[in-house]
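Asks: The structure's right below; bear with me while I get my questions together.
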Amino acid sequence: MAKSALITGVTGQDGSYLTELLLEKGYDVYGLVQRSATDPFDNIRHLLNKIEIVVGDLSDSSSLLRAVDKSQPDEVYNLAAQSFVKSSWDVPEMTGDVTGVGVTRILEAVHTVKPDARFYQASSSEMYGKVTETPQKEDTPFYPRSPYGVAKVYGHWITVNYRESHDMFACSGILFNHEGPRRGYEFVTQKIASTAAYIKEGLAKELRLGNLDSKRDWGFAGDYVEAMWLMLQQDTAEDYVIGTGETHSVKEFCEVAFSHLGLKWEDYVVQDERFMRPAEVDLLLSDPTKAKEKLKWQRKVSFEDLVKMMVDAAMERISNQRAGEVRALPVD
């Protein structure tokens, strides 16, 4: 019998890469999707005939109970969230409800319907926020600096609580920033890669960004979903930090992206106060030693290759759009 997996947030970047990985391993994959008037399937359109879509929402307990009952999963990957950090200040209550309390709802659905299922929670390096030590590892104290980070801390600890209270196989991956060509345009990495490509093609004149000096530990999402899967194959449920162990500034990301196209980033990048966070996270740097030793996990894509991959994908999208109208990138 093939294993069954339920993935919330299946239409996102991580959901699409994880779906591909699980299909390669012979899983039956069920993807939880919010009902929407618009088409949310860009990242998984090539997979729709290979998986089963289940309509549900992390803010609706009954839909989660039905989803778990229908999929009868061996493994559950909770990737769904209001995941754009900047927007979490605009919609803090919704962020707390979906990104935080939503974890309780899906855990309770699993505990009620399929308590032997193995559960993965997508925790975040944003939980460290105003870091108390560098690099950050599994036992580094959390100090979140955004409603998103606060909600992720709740989701992380409720996962620990269900593991300890109900003897569930429930674990969290504390993933540092992971990117790729399927990243949404609201994220700074995609904004940089895509706008650089648009400038190269004469379709944009400048790139407006916030804090150019903030540093992040950036890796490739396709590498990180393998770590998610490995966590659920262990004998015991534990939490793991997943990252590269390297940190790079937004300025460095711009430099690699623009130079890959033969451009000087200083000629096009403008710092704009509108894109500054109310409370900034200046430096995130992982210590993935535990994942390397226990999971035997290693990242494969370097920082430079990740940036170039995203820029090349953006150039390819422009080329594919040439037959029709090429829309300018949104300002915000």
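Residue names in the structure tokens use chain letters A, B, ... in the order shown, residue numbers from 1 in each chain, and ligand numbers from 1 in the order shown.
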Write out as a ChimeraX atom specification which residues come within 8 Å of A:Ile174 when counting only C-alpha atoms, dropping same-chain ones fewer than 3 positions away.

Replies: /A:122-125,138,239-242

Asks: Which residues are close to A:Asn49, i.e. within 12 Å by only C-alpha atoms, leaving aside same-chain residues fewer than 4 positions away? Reply as an MDAnalysis selection string.

Replies: chainID A and resid 23 28:31 44:45 53

Asks: For A:Ile318, which residue among A:Ser194, A:Asn161, A:Thr11, A:Thr134 is the nearest when counting only C-alpha atoms?

Replies: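 Ranked by minimum distance to A:Ile318, first place goes to A:Ser194.
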
Asks: Got a sec to tell me which of stretch 256-311 of chain A DSSP assigns to helix (DSSP H, G or I), as a list in words?

Replies: Val256, Ala257, Phe258, Ser259, His260, Trp265, Glu266, Asp267, Glu273, Arg274, Phe275, Thr289, Lys290, Ala291, Lys292, Glu293, Lys294, Leu295, Phe303, Glu304, Asp305, Leu306, Val307, Lys308, Met309, Met310 and Val311 of chain A

Asks: Compare A:Glu293, A:Glu238, A:Glu126, A:Glu304 by their minimum atom-to-atom distance to A:Glu252, counting only C-alpha atoms, and give me the closest one.

Replies: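 So, comparing all the options, the nearest one is A:Glu304.
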
Asks: Would you kindly return, as an MDAnalysis selection string, each protein, DNA or RNA residue with an atom no farther than 8 Å from any atom of A:Val225, considering only C-alpha atoms and excluding same-chain residues fewer than 6 positions away?

Replies: chainID A and resid 14 17:18 21

Asks: When you count only C-alpha atoms, which of these residues is closest to A:Met231: A:Gly173, A:Gly210, A:Gly245, A:Gly96?

Replies: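 The closest residue to A:Met231 is A:Gly173.
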
Asks: Residues at most 6 Å from stretch 139-144 of chain A, counting only C-alpha atoms, excluding those fewer than 4 positions away in the same chain, as a ChimeraX atom specification?

Replies: /A:127-130,149-150

Asks: Counting only C-alpha atoms, what is within 9 Å of A:Ser61, bar same-chain residues fewer than 4 positions away, as a list in words?

Replies: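 Neighbouring residues, sequence-local ones excluded: Gly56, Asp57, Leu65, Arg66, Gly102, Arg105, Ile106, Glu108 and Ala109 of chain A.
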
Asks: Please write the residues from the selection above to a file, keeping all heavy atoms, as a tab-separated table (two decimals), in the first residue's frame.

Replies:
chain	number	residue	atom	x	y	z
A	56	GLY	N	-10.45	23.19	2.06
A	56	GLY	CA	-10.42	23.38	3.50
A	56	GLY	C	-9.69	24.66	3.87
A	56	GLY	O	-9.12	25.34	3.01
A	57	ASP	N	-9.70	24.99	5.15
A	57	ASP	CA	-9.13	26.25	5.61
A	57	ASP	C	-8.69	26.08	7.06
A	57	ASP	O	-9.41	25.50	7.87
A	57	ASP	CB	-10.19	27.35	5.50
A	57	ASP	CG	-9.61	28.74	5.61
A	57	ASP	OD1	-8.96	29.02	6.63
A	57	ASP	OD2	-9.79	29.55	4.68
A	65	LEU	N	-11.29	18.52	9.80
A	65	LEU	CA	-11.73	17.17	10.19
A	65	LEU	C	-12.10	16.36	8.95
A	65	LEU	O	-11.73	15.18	8.83
A	65	LEU	CB	-12.91	17.26	11.15
A	65	LEU	CG	-12.59	17.71	12.57
A	65	LEU	CD1	-13.87	18.12	13.29
A	65	LEU	CD2	-11.88	16.60	13.35
A	66	ARG	N	-12.83	16.98	8.03
A	66	ARG	CA	-13.23	16.28	6.79
A	66	ARG	C	-12.00	15.93	5.94
A	66	ARG	O	-11.93	14.86	5.35
A	66	ARG	CB	-14.21	17.13	5.99
A	66	ARG	CG	-15.61	17.21	6.59
A	66	ARG	CD	-16.61	17.80	5.60
A	66	ARG	NE	-16.27	19.16	5.23
A	66	ARG	CZ	-16.71	20.25	5.88
A	66	ARG	NH1	-17.48	20.10	6.96
A	66	ARG	NH2	-16.38	21.45	5.47
A	102	GLY	N	-4.48	28.23	13.91
A	102	GLY	CA	-4.74	27.25	12.86
A	102	GLY	C	-3.96	25.96	13.06
A	102	GLY	O	-4.42	24.87	12.68
A	105	ARG	N	-5.90	23.78	15.30
A	105	ARG	CA	-7.05	23.16	14.62
A	105	ARG	C	-6.64	21.94	13.82
A	105	ARG	O	-7.32	20.91	13.85
A	105	ARG	CB	-7.73	24.20	13.72
A	105	ARG	CG	-8.33	25.39	14.47
A	105	ARG	CD	-9.17	26.27	13.55
A	105	ARG	NE	-9.63	27.45	14.26
A	105	ARG	CZ	-9.12	28.67	14.11
A	105	ARG	NH1	-8.13	28.87	13.24
A	105	ARG	NH2	-9.59	29.68	14.80
A	106	ILE	N	-5.54	22.03	13.08
A	106	ILE	CA	-5.13	20.88	12.27
A	106	ILE	C	-4.58	19.77	13.16
A	106	ILE	O	-4.82	18.58	12.93
A	106	ILE	CB	-4.12	21.29	11.17
A	106	ILE	CG1	-3.78	20.10	10.26
A	106	ILE	CG2	-2.86	21.90	11.74
A	106	ILE	CD1	-4.92	19.57	9.44
A	108	GLU	N	-5.59	19.13	16.22
A	108	GLU	CA	-6.74	18.52	16.87
A	108	GLU	C	-7.49	17.61	15.89
A	108	GLU	O	-7.98	16.54	16.27
A	108	GLU	CB	-7.67	19.59	17.42
A	108	GLU	CG	-8.84	19.06	18.23
A	108	GLU	CD	-8.43	18.27	19.47
A	108	GLU	OE1	-7.29	18.42	19.95
A	108	GLU	OE2	-9.27	17.47	19.94
A	109	ALA	N	-7.56	18.02	14.62
A	109	ALA	CA	-8.20	17.17	13.61
A	109	ALA	C	-7.44	15.86	13.45
A	109	ALA	O	-8.04	14.78	13.36
A	109	ALA	CB	-8.29	17.92	12.28

Asks: Go through A:Asp167, A:Glu20, A:Asp235, A:Asp213 and flag the residue nearest A:Lys50, using only C-alpha atoms for the distances.

Replies: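 Of A:Asp167, A:Glu20, A:Asp235, A:Asp213, the one nearest A:Lys50, counting only C-alpha atoms, is A:Glu20.
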
Asks: Could you please write out, as a PyMOL selection string, every residue of stretch 108-222 of chain A that DSSP assigns to strand (DSSP E)?

Replies: chain A and resi 118-124+170-175+178-179+207-209+215-216+219-220

Asks: Those residues you just picked out, can you put them in a file as a PDB file, in the first residue's frame with C-alpha atoms?

Replies:
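As written to disk, part29.pdb reads:
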ATOM      1  CA  ARG A 118       3.015  11.751  11.653  1.00  0.00           C
ATOM      2  CA  PHE A 119       2.761  15.537  11.750  1.00  0.00           C
ATOM      3  CA  TYR A 120       5.160  18.201  10.469  1.00  0.00           C
ATOM      4  CA  GLN A 121       4.791  21.858  11.465  1.00  0.00           C
ATOM      5  CA  ALA A 122       6.468  24.572   9.399  1.00  0.00           C
ATOM      6  CA  SER A 123       8.154  26.698  12.041  1.00  0.00           C
ATOM      7  CA  SER A 124      10.244  29.710  11.071  1.00  0.00           C
ATOM      8  CA  ALA A 170       4.601  15.757  15.908  1.00  0.00           C
ATOM      9  CA  CYS A 171       7.684  17.763  15.059  1.00  0.00           C
ATOM     10  CA  SER A 172       8.673  21.176  13.768  1.00  0.00           C
ATOM     11  CA  GLY A 173      11.215  22.238  11.215  1.00  0.00           C
ATOM     12  CA  ILE A 174      12.624  25.656  12.103  1.00  0.00           C
ATOM     13  CA  LEU A 175      13.382  26.628   8.532  1.00  0.00           C
ATOM     14  CA  HIS A 178      14.279  29.334   1.616  1.00  0.00           C
ATOM     15  CA  GLU A 179      13.610  30.628  -1.862  1.00  0.00           C
ATOM     16  CA  LEU A 207      13.878  48.667  -7.769  1.00  0.00           C
ATOM     17  CA  ARG A 208      12.633  50.093  -4.476  1.00  0.00           C
ATOM     18  CA  LEU A 209      13.574  48.188  -1.325  1.00  0.00           C
ATOM     19  CA  LYS A 215      21.027  39.655   6.692  1.00  0.00           C
ATOM     20  CA  ARG A 216      19.376  36.311   6.091  1.00  0.00           C
ATOM     21  CA  GLY A 219      18.742  28.420   0.794  1.00  0.00           C
ATOM     22  CA  PHE A 220      16.803  26.652  -1.956  1.00  0.00           C
TER      23      PHE A 220
END

Asks: In Å, rounded to a single decimal, give me how far atom CA of A:Phe303 is from atom CA of A:Leu203.

Replies: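 These atoms are spaced 26.3 Å apart.
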
Asks: Quick one: residues within 9 Å of A:Ile158, only C-alpha atoms, excluding same-chain residues fewer than 3 positions away - as a PyMOL selection string?

Replies: chain A and resi 100-101+103-104+107+153-155+161-163
